[in-house]
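This report refers to the structure that appears directly beneath it.
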Amino acid sequence: MGLLVDSNGEGGGGEGGRNGGSWGGRNSLIRRKQVDSVNVKSGGHQLAKELTVPHLVAVGVGSTIGAGVYILVGTVAREHSGPALAISFLIAGIAAALSAFCYAELASRCPSAGSAYHYTYICIGEGVAWLVGWALILEYTIGGSAVARGISPNLALLFGGEGSLPAFIARQHIPALGLVVDPCAAILVVIVTGLLCVGIKESTVAQGIVTIANACAMIFVVVAGTYLGFKSGWTGYELPTGYFPFGVNGMLAGSATVFFAYIGFDSVASTAEEVKNPQRDLPLGIGASLSICCALYMLVSMVIVGLVPYYAMDPDTPISSAFASHGMQWAAYVITVGAVTALCSTLMGSILPQPRILMAMSRDGLLPPFLADINKKTQAPVKSTLATGICSAVLAFFMDVSVLAGMVSVGTLVAFTMVAISVLIIRYVPPDEVPLPSSLRESIDSVWLRHGRNSQEVKGDNPKTKINVSSSEESTKPLLEKVDIMVELPLIGKQLPLINYTLSEDNRRKVAGWTIMFTCVGVLLLTYSASDLALPRNILGFDFSFLRYTLCGGGGILLLLGLIVLTCIDQDDARHTFGHTGGFLCPFVPLLPIVCILINVYLLINLEADTWARVAVWLLIGVVIYVFYGRSHSSLGDAVYVPVAHVDEIFRSSGN
C-alpha cells in the first residue's frame with residue numbers, strides 16, 4: 001500500500017500539490033479530517049471533563065421539552081389526531097429514536113465537540129460539513145432568540161397579565177422604528193451566557209434544577225388530570241366519532257407536526273468532549289432523554305384529550321382551559337410556572353451547543369482562531385460563548401424572530417440526515433486514509449523509503465496521488481473475482497471445483513459508495529414527487545401527473561435496490577476499529593439509517609417555500625465566507641494523507 005499525498009492546491013505535498021490548479025479547489029470540498037481532531041489542543045487547554053449520565057439527561061430533557069407542548073396538544077388534537085394524540089406522539093418519538101440511534105453510535109465513536117458538523121467532516125467532507133455547521137449556527141441563534149422572547153409574556157401571566165411586568169423589563173413599542181423591543185429577553189440571554197461561561201458542570205446543574213421544576217409541573221398535570229378524568233368519566237374518549245376522527249392519515253399528519261417537539265436531544269452530542277466516559281454515558285444520556293420526553297408527552301396528551309373533547313379544546317391554552325372546565329382555575333398558575341421553567345431550560349439548551357460548534361469550526365481553521373480559545377480557569381470556550389450570547393441577546397431585544405422560527409427546523413433536519421448518512425459511510429466505506437500535518441513530512445518520507453519508494457516522486461497535475469506500483473493493475477481487475485473452491489462430496493469420494501464470484505475489497509468499497517449515493521438520490525426523488533411541492537398535475541393544459549408518478553417510481557426503485565445491495569454486501573471490517581471502540585452500535589444497519597434519511601428528507605421537502613428562501617440566503621452567505629476564508633485557512637490545507645496502516649509507524653519514526 002502506498003502513501004496518499006494531498007495538498008489541496010495550497011502548497012506543500014510535492015510538485016503535484018504545486019501544480020494542482022483548480023482541481024485542488026474542488027478537492028478541498030471532500031477532504032476529511034481524522035477522528036481525534038481534539039489532539040490539536042486549543043491554546044494548551046482542553047474542555048473540562050465533568051459530565052456524567054445525570055448531567056446529560058438534564059441537558060437532553062431540558063433542551064427538548066419546551067413550552068410548545070403546553071400549546072401543541074390543543075392544536076394537533078383539534079386539527080389532526082383527535083383522541084389518538086398519544087399515538088401521534090409515540091410514532092413521532094419512534095421516528096426521532098431512529099436519529100437518536102445514529103447519534104449515539106457517532107457520539108461514542110467520535111467524542112469531540114461539534115456534533116453533526118464534526119461527524120460530517122470525518123465521514124463526508126469539508127464542504128458539506130461547513131454547510132451543516134453553518135446551518136446549525138442559524139438554528140441555535142434563532143432558536144435561542146425565539147425562546148427568550150417567549151418568556152416575558154408567560155412571566156407577565158404570573159404577575160397578573162399583560163402589562164404587569166416592571167417597566168424596565170416589559171416590552172416597549174418604538175413607533176418611529178416600528179419595533180417592539182424586549183429587555184426581559186435580552187437580560188435572560190445575558191444571564192444564561194454568564195452561567196455558561198462559569199463552567200459546564202455549574203450550568204448543567206442549574207439546567208437540571210429548572211428541568212426538574214418543569215417535569216414536576218407536567219407530573220402535576222398528569223396526576224391531577226387523572227383524578228379529574230376518573231371523577232368525570234373521561235368524557236373526551238366517549239365520542240361518537242371514535243378514536244380516529246380524522247382517520248389514520250390525520251393521526252400520521254399529527255405525528256409529523258409533533259416530531260419537532262423531540263428536537264433537542266442532539267444537544268447531548270455537542271457536549272461529547274466534556275463527558276467523563278463518552279462510550280458509555282453518551283448513548284445512555286441520549287436514550288434516557290428521549291425516553292423521558294416521549295413518556296411525559298404521551299401521559300400529558302392522554303390525560304388532556306380525556307378531560308375535554310378534542311373539538312372543544314382551546315388552541316392557545318389547552319391545558320389550563322381543560323382544568324378550568326372542571327373547576328380548577330388555580331391550576332393555570334402551576335401550568336404557567338411549568339411553561340416559564342420549560343422556556344428557561346430550552347433557552348439554556350439552545351445557547352449551550354453553539355459555542356462548541358463555533359469552537360470546533362475554529363479549531364479546523366474554518367473560522368477565526370480566537371473562537372477556539374478555552375479559558376484556563378473555567379475550562380469553557382468563553383470567547384465563543386460570549387459571541388453567541390451577544391448575537392442572541394441583540395436579536396432577542398430588537399427582532400420578533402417568530403417569523404423565522406421555521407428556519408430552526410432546517411438546521412436540525414439537515415443535521416439528522418447527515419448523521420444517518422455518516423453511519424452508512426462508517427459501516428461500509430470508512431475513511432482509509434488519515435490526514436497528518438506537513439511537519440511530519442520527513443517521517444512520512446522515511447517510512448515510505450522503508451517500503452521501497454519516496455513520496456517526493458509524486459508528479460503530475462493531480463494533487464491527490466496514490467503511490468502504488470500496482471494501481472494500474474488493480475484498475476483493470478474485474479468487478480467480480482472468480483475464486484475456485486474445492487467442494488468435497490462424501491457420497492462419491494471426490495472433490496469438485498465450485499466457482500464462486502465474490503467482490504474484492506476495493507470493488508466492494510466502490511459498490512457500497514455508489515450504492516449509498518444512489519440511495520440518497522432515490523430518497524430525494526421519492527420524497528419530492530410524493531410531497532405537496534412536486535409538479536402539479538396540470539400546467540397550462542399539460543398533464544404532468546405521468547412525470548410525477550415516474551419520478552416517484554424511479555426514486556422508490558433506487559431506494560429499494562440500494563437497501564437490497566447494502567444488505568447483501570459485507571460491511572467494512574475497519575468499522576470495528578474506526579474511532580473509539582467499545583461504544584454503542586446502531587442496530588438494523590442499513591435499514592434504520594435509510595428510514596431515518598427518508599423521514600428527515602420528507603420533512604425537509606415539505607417545509608414552506610418562504611423558509612427555504614430565507615435559508616438559501618443564509619447558506620449563500622456561508623458559501624461566500626467559506627470560499628474567501630475557510631477554504632484557504634483550513635487546517636487540512638497542507639495535510640498529507642497516509643493509509644491508516646502506516647500512521648503508528650510514522651508517529652514512532654517522528655519520535656512523538
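Labels for the C-alpha cells follow display order: chains A, B, ..., residues from 1 in each chain, ligands from 1.
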
Give the strand (DSSP E) residues of stretch 51-280 of chain A, as DSSP finds them on the backbone, and put them as an MDAnalysis selection string.
-> chainID A and resid 172:174 179:181

Taking only C-alpha atoms into account, produce a table as JSON lines in which each residue of stretch 248-336 of chain A with an atom at most 12 Å from an atom of stretch 378-400 of chain A appears once, together with its shortest atom pair and the distance in Å to one decimal, ordered by chain and rising number.
```
{"residue": "A:Thr271", "atom": "CA", "partner": "A:Ala380", "partner_atom": "CA", "distance": 11.2}
{"residue": "A:Glu273", "atom": "CA", "partner": "A:Ala380", "partner_atom": "CA", "distance": 11.2}
{"residue": "A:Glu274", "atom": "CA", "partner": "A:Ala380", "partner_atom": "CA", "distance": 9.6}
```

I need the residues from that last selection saved to file as a PDB file, in the first residue's frame (with all heavy atoms), if you can.
```
ATOM      1  N   THR A 271     -21.906  18.031  23.714  1.00  0.00           N
ATOM      2  CA  THR A 271     -21.073  18.071  24.922  1.00  0.00           C
ATOM      3  C   THR A 271     -20.160  16.855  25.021  1.00  0.00           C
ATOM      4  O   THR A 271     -19.597  16.593  26.089  1.00  0.00           O
ATOM      5  CB  THR A 271     -21.970  18.127  26.174  1.00  0.00           C
ATOM      6  OG1 THR A 271     -22.752  16.920  26.260  1.00  0.00           O
ATOM      7  CG2 THR A 271     -22.908  19.314  26.133  1.00  0.00           C
ATOM      8  N   GLU A 273     -17.190  16.057  24.246  1.00  0.00           N
ATOM      9  CA  GLU A 273     -15.807  16.233  24.682  1.00  0.00           C
ATOM     10  C   GLU A 273     -15.706  16.498  26.181  1.00  0.00           C
ATOM     11  O   GLU A 273     -14.613  16.406  26.755  1.00  0.00           O
ATOM     12  CB  GLU A 273     -15.183  17.382  23.893  1.00  0.00           C
ATOM     13  CG  GLU A 273     -13.671  17.388  23.879  1.00  0.00           C
ATOM     14  CD  GLU A 273     -13.122  18.430  22.929  1.00  0.00           C
ATOM     15  OE1 GLU A 273     -13.614  18.507  21.793  1.00  0.00           O
ATOM     16  OE2 GLU A 273     -12.207  19.159  23.328  1.00  0.00           O
ATOM     17  N   GLU A 274     -16.837  16.801  26.820  1.00  0.00           N
ATOM     18  CA  GLU A 274     -16.822  17.115  28.252  1.00  0.00           C
ATOM     19  C   GLU A 274     -17.401  15.992  29.109  1.00  0.00           C
ATOM     20  O   GLU A 274     -17.671  16.189  30.284  1.00  0.00           O
ATOM     21  CB  GLU A 274     -17.610  18.410  28.474  1.00  0.00           C
ATOM     22  CG  GLU A 274     -16.951  19.600  27.804  1.00  0.00           C
ATOM     23  CD  GLU A 274     -17.931  20.712  27.440  1.00  0.00           C
ATOM     24  OE1 GLU A 274     -18.734  20.524  26.517  1.00  0.00           O
ATOM     25  OE2 GLU A 274     -17.887  21.768  28.090  1.00  0.00           O
TER      26      GLU A 274
END
```

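Each of A:Val434, A:Leu85, A:Leu367, A:Ile421 was compared to A:Met517 using only C-alpha atoms, and A:Ile421 turns out to be the nearest.
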
Work out how far apart atom CA of A:Ala148 and atom CA of A:Ser289 are and give it in Å to one decimal.
-> 22.6 Å

Students should find that atom CA of A:Ala100 and atom CA of A:Glu139 are spaced 18.4 Å

Within 8 Å of A:Cys552, counting only C-alpha atoms, which residues qualify if same-chain residues fewer than 5 places away don't, as an MDAnalysis selection string?
-> chainID A and resid 525:530

Please identify all polymer residues within 12 Å of A:Gly242, counting only C-alpha atoms, omitting same-chain residues fewer than 2 positions from it, and present them as an mmCIF file with N, CA and C atoms, in the first residue's frame.
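Contents of the output file out_2.cif:
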```cif
data_model
loop_
_atom_site.group_PDB
_atom_site.id
_atom_site.type_symbol
_atom_site.label_atom_id
_atom_site.label_comp_id
_atom_site.auth_asym_id
_atom_site.auth_seq_id
_atom_site.Cartn_x
_atom_site.Cartn_y
_atom_site.Cartn_z
ATOM 1 N N SER A 81 -55.225 14.794 15.109
ATOM 2 C CA SER A 81 -55.210 13.479 15.747
ATOM 3 C C SER A 81 -56.465 13.135 16.525
ATOM 4 N N GLY A 82 -57.116 14.129 17.126
ATOM 5 C CA GLY A 82 -58.247 13.826 17.996
ATOM 6 C C GLY A 82 -57.791 13.073 19.233
ATOM 7 N N PRO A 83 -58.577 12.110 19.717
ATOM 8 C CA PRO A 83 -58.181 11.346 20.907
ATOM 9 C C PRO A 83 -56.926 10.497 20.702
ATOM 10 N N ALA A 84 -56.511 10.297 19.453
ATOM 11 C CA ALA A 84 -55.320 9.484 19.166
ATOM 12 C C ALA A 84 -54.033 10.294 19.272
ATOM 13 N N GLY A 236 -63.789 12.941 27.204
ATOM 14 C CA GLY A 236 -63.131 13.169 25.920
ATOM 15 C C GLY A 236 -62.990 11.922 25.072
ATOM 16 N N TYR A 237 -63.097 10.744 25.699
ATOM 17 C CA TYR A 237 -62.969 9.493 24.946
ATOM 18 C C TYR A 237 -64.322 8.899 24.560
ATOM 19 N N GLU A 238 -65.402 9.411 25.130
ATOM 20 C CA GLU A 238 -66.737 8.877 24.841
ATOM 21 C C GLU A 238 -67.397 9.719 23.754
ATOM 22 N N LEU A 239 -66.875 9.585 22.545
ATOM 23 C CA LEU A 239 -67.360 10.387 21.418
ATOM 24 C C LEU A 239 -67.857 9.475 20.306
ATOM 25 N N PRO A 240 -68.909 9.889 19.594
ATOM 26 C CA PRO A 240 -69.418 9.048 18.500
ATOM 27 C C PRO A 240 -68.449 8.955 17.314
ATOM 28 N N PHE A 244 -60.287 7.693 16.107
ATOM 29 C CA PHE A 244 -59.579 8.308 14.986
ATOM 30 C C PHE A 244 -60.557 9.145 14.156
ATOM 31 N N PRO A 245 -60.970 10.303 14.668
ATOM 32 C CA PRO A 245 -61.967 11.097 13.931
ATOM 33 C C PRO A 245 -61.445 11.614 12.580
ATOM 34 N N PHE A 246 -60.134 11.783 12.457
ATOM 35 C CA PHE A 246 -59.549 12.250 11.198
ATOM 36 C C PHE A 246 -58.898 11.107 10.419
ATOM 37 N N GLY A 247 -59.135 9.889 10.852
ATOM 38 C CA GLY A 247 -58.564 8.737 10.177
ATOM 39 C C GLY A 247 -57.099 8.532 10.525
ATOM 40 N N VAL A 248 -56.539 7.466 9.974
ATOM 41 C CA VAL A 248 -55.128 7.168 10.212
ATOM 42 C C VAL A 248 -54.248 8.245 9.594
ATOM 43 N N PRO A 309 -63.418 17.090 25.165
ATOM 44 C CA PRO A 309 -63.485 16.630 23.771
ATOM 45 C C PRO A 309 -62.526 17.424 22.899
ATOM 46 N N TYR A 310 -61.900 16.748 21.969
ATOM 47 C CA TYR A 310 -60.838 17.382 21.174
ATOM 48 C C TYR A 310 -61.337 18.627 20.445
#
```

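Between atom CA of A:Ile219 and atom CA of A:Thr341 there is a distance of 13.9 Å.
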